[in-house]
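Below you'll find the structure, written out as structure tokens, and then a few comments.
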Amino acid sequence: EPPTACREKQYLINSQCCSLCQPGQKLVSDCTEFTETECLPCGESEFLDTWNRETHCHQHKYCDPNLGLRVQQKGTSETDTICTCEEGWHCTSEACESCVLHRSCSPGFGVKQIATGVSDTICEPCPVGFFSNVSSAFEKCHPWTSCETKDLVVQQAGTNKTDVVCGPQDRLRLVPR
Ligand SMILES: *[C@@H]1O[C@H](CO)[C@@H](O)[C@H](O)[C@H]1NC(C)=O
Ligand SMILES: *[C@@H]1O[C@H](CO)[C@@H](O)[C@H](O)[C@H]1NC(C)=O
């Protein structure tokens with residue numbers, strides 16, 4: 001009686017259970033009563049990542065430099081190539097099919113988390129006591145200068161975009177002759 005179901009890593013064809021091809025190989029011919037399944041390794045720049053009965057291997061993904069992409073991990077006969085973006089850019093999607101420039105944080109905002117190949121810059125408003133006077137994809141909020149530690153006093157208050165301006169102590173300025 002012919003089988004109706006086959007074991008794992010097998011497939012049913014012509015009332016026969018044939019072995020699937022292992023990852024990295026494609027199917028050339030189904031097994032017969034007398035011969036095993038015939039498989040052949042994928043060519044260079046091709047892959048198959050599962051036990052399969054595919055007659056063609058898949059092409060490795062191409063990391064197109066014109067789209068800002070570069071190879072993060074070269075593909076093998078069993079794995080696809082993984083692309084990522086050039087320095088300063090990050091992927092627009094999980095599959096990383098193209099890249100966009102990292103966002104900059106405007107003055108008044110600092111970088112909370114620097115962008116990576118896959119995620120954009122995260123900005124945060126500078127809290128009281130901190131400032132950022134540049135638009136940057138790297139700079140954090142900087143703390144205001146501490147005038148006291150320089151034996152000076154605050155001449156002009158700081159904002160989220162400007163540092164404190166220190167001046168000489170009034171006591172010294174007002175010392176009578
Ligand atoms: C910076 O400070 C100004 C004035 O206090 C305020 O209006 C503005 O919202 C602040 N900006 C940020 C990013 O917190
Ligand atoms: C930003 O602030 C720093 C420190 O106060 C100062 O040295 C620099 O010149 C400022 N840059 C701009 C663009 O205002």
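Ordering of the structure tokens sets the chain letters (A, B, ...), residue numbers begin anew at 1 in every chain, and ligands are numbered from 1 in the order given.
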
Could you pull out the residues in range 28-95 of chain A that DSSP calls strand (DSSP E or B) from the backbone, as a PyMOL selection string? chain A and resi 28-29+38-41+46-47+52+58-59+69-73+82-85+89-91

I need the residues from that last selection saved to file as a compact mmCIF listing (two decimals), in the first residue's frame (with N, CA, C and O atoms), if you can.
```txt
# COMPACT_ATOMS: atom_id res chain seq x y z
N VAL A 28 17.42 18.29 -7.96
CA VAL A 28 17.67 18.01 -9.38
C VAL A 28 16.67 16.98 -9.89
O VAL A 28 16.03 17.19 -10.90
N SER A 29 16.51 15.89 -9.16
CA SER A 29 15.45 14.94 -9.55
C SER A 29 14.90 14.19 -8.33
O SER A 29 15.63 13.93 -7.38
N GLU A 38 18.03 13.36 -5.95
CA GLU A 38 19.30 13.95 -6.39
C GLU A 38 19.28 15.44 -6.12
O GLU A 38 18.38 16.16 -6.57
N CYS A 39 20.28 15.91 -5.38
CA CYS A 39 20.38 17.33 -5.01
C CYS A 39 21.72 17.87 -5.47
O CYS A 39 22.68 17.12 -5.61
N LEU A 40 21.78 19.19 -5.69
CA LEU A 40 23.06 19.82 -6.05
C LEU A 40 23.24 21.09 -5.23
O LEU A 40 22.26 21.78 -4.94
N PRO A 41 24.50 21.40 -4.84
CA PRO A 41 24.74 22.61 -4.06
C PRO A 41 24.32 23.87 -4.84
O PRO A 41 24.42 23.90 -6.06
N GLU A 46 24.12 32.28 -4.25
CA GLU A 46 22.77 31.73 -4.09
C GLU A 46 22.66 31.03 -2.74
O GLU A 46 23.67 30.68 -2.14
N PHE A 47 21.41 30.83 -2.31
CA PHE A 47 21.21 30.11 -1.05
C PHE A 47 19.83 29.46 -0.98
O PHE A 47 18.91 29.84 -1.72
N ASN A 52 14.36 21.32 1.60
CA ASN A 52 13.50 21.79 0.51
C ASN A 52 13.45 20.83 -0.67
O ASN A 52 14.23 19.87 -0.74
N HIS A 58 17.68 30.59 -4.19
CA HIS A 58 17.38 32.03 -4.20
C HIS A 58 18.68 32.82 -4.34
O HIS A 58 19.72 32.40 -3.82
N GLN A 59 18.57 33.98 -4.98
CA GLN A 59 19.73 34.87 -5.10
C GLN A 59 19.97 35.57 -3.76
O GLN A 59 19.02 35.95 -3.09
N LEU A 69 23.45 51.33 0.95
CA LEU A 69 23.56 50.04 1.64
C LEU A 69 24.98 49.47 1.55
O LEU A 69 25.71 49.74 0.60
N ARG A 70 25.32 48.69 2.56
CA ARG A 70 26.56 47.92 2.52
C ARG A 70 26.32 46.58 3.18
O ARG A 70 25.34 46.41 3.91
N VAL A 71 27.20 45.63 2.92
CA VAL A 71 27.04 44.28 3.47
C VAL A 71 27.38 44.27 4.95
O VAL A 71 28.44 44.75 5.36
N GLN A 72 26.45 43.77 5.75
CA GLN A 72 26.76 43.59 7.17
C GLN A 72 27.27 42.17 7.39
O GLN A 72 28.21 41.95 8.12
N GLN A 73 26.59 41.22 6.73
CA GLN A 73 27.04 39.83 6.82
C GLN A 73 26.84 39.16 5.48
O GLN A 73 25.73 39.14 4.95
N ILE A 82 23.00 39.90 4.69
CA ILE A 82 22.33 40.91 5.50
C ILE A 82 22.94 42.26 5.17
O ILE A 82 24.16 42.43 5.23
N CYS A 83 22.09 43.22 4.79
CA CYS A 83 22.55 44.56 4.46
C CYS A 83 22.36 45.48 5.66
O CYS A 83 21.48 45.28 6.49
N THR A 84 23.19 46.52 5.71
CA THR A 84 22.96 47.60 6.66
C THR A 84 23.32 48.90 5.95
O THR A 84 23.65 48.88 4.77
N CYS A 85 23.22 50.03 6.67
CA CYS A 85 23.45 51.32 6.02
C CYS A 85 24.84 51.85 6.31
O CYS A 85 25.46 51.51 7.31
N TRP A 89 23.79 56.82 8.44
CA TRP A 89 22.49 56.53 7.85
C TRP A 89 21.89 55.33 8.57
O TRP A 89 22.61 54.55 9.19
N HIS A 90 20.58 55.16 8.46
CA HIS A 90 19.96 53.97 9.02
C HIS A 90 18.87 53.45 8.09
O HIS A 90 18.35 54.19 7.25
N CYS A 91 18.51 52.18 8.30
CA CYS A 91 17.53 51.51 7.43
C CYS A 91 16.14 52.12 7.59
O CYS A 91 15.77 52.55 8.68
```

Got a sec to check which residues lie within 8 Å of ligand 2, using only C-alpha atoms and all ligand atoms, and send them as JSON, numbers by chain? {"A": [132, 133, 134, 162, 163, 164]}

If you count only C-alpha atoms, which residues fall within 6 Å of Leu27 in chain A, apart from same-chain ones fewer than 3 positions away, as a PyMOL selection string? chain A and resi 39+53-55

Could you list, with a cut-off of 12 Å and counting only C-alpha atoms and all ligand atoms, the residues of chain A near ligand 1, each shown with its nearest atom pair and the distance in Å rounded to one decimal, rows sorted by chain and ascending number, as a tab-separated table?
```
residue	atom	partner	partner_atom_place_in_ligand_line	distance
A:Cys105	CA	ligand 1	13 (C)	9.6
A:Ser106	CA	ligand 1	13 (C)	8.2
A:Pro107	CA	ligand 1	13 (C)	7.6
A:Gly108	CA	ligand 1	13 (C)	4.5
A:Phe109	CA	ligand 1	13 (C)	5.2
A:Gly110	CA	ligand 1	13 (C)	8.8
A:Val111	CA	ligand 1	13 (C)	11.8
A:Cys123	CA	ligand 1	13 (C)	9.5
A:Glu124	CA	ligand 1	13 (C)	7.5
A:Pro125	CA	ligand 1	13 (C)	4.2
A:Cys126	CA	ligand 1	14 (O)	5.8
A:Pro127	CA	ligand 1	14 (O)	6.9
A:Val128	CA	ligand 1	14 (O)	8.6
A:Gly129	CA	ligand 1	2 (O)	11.1
A:Phe130	CA	ligand 1	14 (O)	10.2
A:Phe131	CA	ligand 1	1 (C)	8.8
A:Ser132	CA	ligand 1	13 (C)	9.3
A:Asn133	CA	ligand 1	1 (C)	10.9
A:Ser135	CA	ligand 1	13 (C)	12.0
A:Cys141	CA	ligand 1	13 (C)	10.6
A:Ala157	CA	ligand 1	5 (O)	11.4
A:Gly158	CA	ligand 1	2 (O)	9.8
A:Thr159	CA	ligand 1	2 (O)	6.1
A:Asn160	CA	ligand 1	1 (C)	4.8
A:Lys161	CA	ligand 1	1 (C)	6.8
A:Thr162	CA	ligand 1	1 (C)	9.6
```

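Minimum atom-to-atom distances from A:Asn66, A:Thr76, A:Thr35, A:Ser119 to Glu94 in chain A were compared using only C-alpha atoms, and the lowest value belongs to A:Ser119.
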
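All residues within chain A that the backbone DSSP calculation assigns to alpha helix (DSSP H) are Asp170, Arg171, Leu172 and Arg173 of chain A.
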
Selection file, all heavy atoms, as an mmCIF file, in the first residue's frame:
```cif
data_model
loop_
_atom_site.group_PDB
_atom_site.id
_atom_site.type_symbol
_atom_site.label_atom_id
_atom_site.label_comp_id
_atom_site.auth_asym_id
_atom_site.auth_seq_id
_atom_site.Cartn_x
_atom_site.Cartn_y
_atom_site.Cartn_z
ATOM 1 N N ASP A 170 29.966 90.114 42.775
ATOM 2 C CA ASP A 170 29.595 91.503 43.071
ATOM 3 C C ASP A 170 30.444 92.066 44.198
ATOM 4 O O ASP A 170 30.909 93.196 44.140
ATOM 5 C CB ASP A 170 28.118 91.577 43.488
ATOM 6 C CG ASP A 170 27.211 91.379 42.285
ATOM 7 O OD1 ASP A 170 27.738 91.351 41.159
ATOM 8 O OD2 ASP A 170 25.999 91.219 42.485
ATOM 9 N N ARG A 171 30.641 91.218 45.232
ATOM 10 C CA ARG A 171 31.403 91.635 46.419
ATOM 11 C C ARG A 171 32.727 92.259 45.993
ATOM 12 O O ARG A 171 33.123 93.303 46.483
ATOM 13 C CB ARG A 171 31.641 90.410 47.309
ATOM 14 C CG ARG A 171 32.285 90.703 48.623
ATOM 15 C CD ARG A 171 32.114 89.510 49.578
ATOM 16 N NE ARG A 171 32.508 88.231 48.961
ATOM 17 C CZ ARG A 171 33.781 87.813 48.854
ATOM 18 N NH1 ARG A 171 34.767 88.563 49.331
ATOM 19 N NH2 ARG A 171 34.056 86.671 48.289
ATOM 20 N N LEU A 172 33.400 91.633 45.018
ATOM 21 C CA LEU A 172 34.713 92.118 44.603
ATOM 22 C C LEU A 172 34.569 93.378 43.756
ATOM 23 O O LEU A 172 35.329 94.309 43.869
ATOM 24 C CB LEU A 172 35.454 91.046 43.804
ATOM 25 C CG LEU A 172 35.725 89.748 44.583
ATOM 26 C CD1 LEU A 172 36.469 88.752 43.717
ATOM 27 C CD2 LEU A 172 36.517 90.043 45.855
ATOM 28 N N ARG A 173 33.500 93.335 42.871
ATOM 29 C CA ARG A 173 33.288 94.477 41.980
ATOM 30 C C ARG A 173 32.940 95.742 42.757
ATOM 31 O O ARG A 173 33.235 96.837 42.351
ATOM 32 C CB ARG A 173 32.150 94.161 40.993
ATOM 33 C CG ARG A 173 32.674 93.756 39.653
ATOM 34 C CD ARG A 173 31.616 93.906 38.632
ATOM 35 N NE ARG A 173 30.407 93.160 39.011
ATOM 36 C CZ ARG A 173 29.405 92.914 38.193
ATOM 37 N NH1 ARG A 173 29.431 93.364 36.975
ATOM 38 N NH2 ARG A 173 28.373 92.224 38.581
#
```

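The gap separating CA of Cys57 in chain A from CA of Ser93 in chain A is 24.9 Å, in Å to one decimal.
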
Can you work out the spacing between CA of Pro168 in chain A and CA of Pro143 in chain A in Å, to one decimal? 20.3 Å

Between A:Thr92, A:Leu152, A:Glu44, A:Gln16, which one has atoms that come closest to Lys74 in chain A, using only C-alpha atoms? A:Glu44
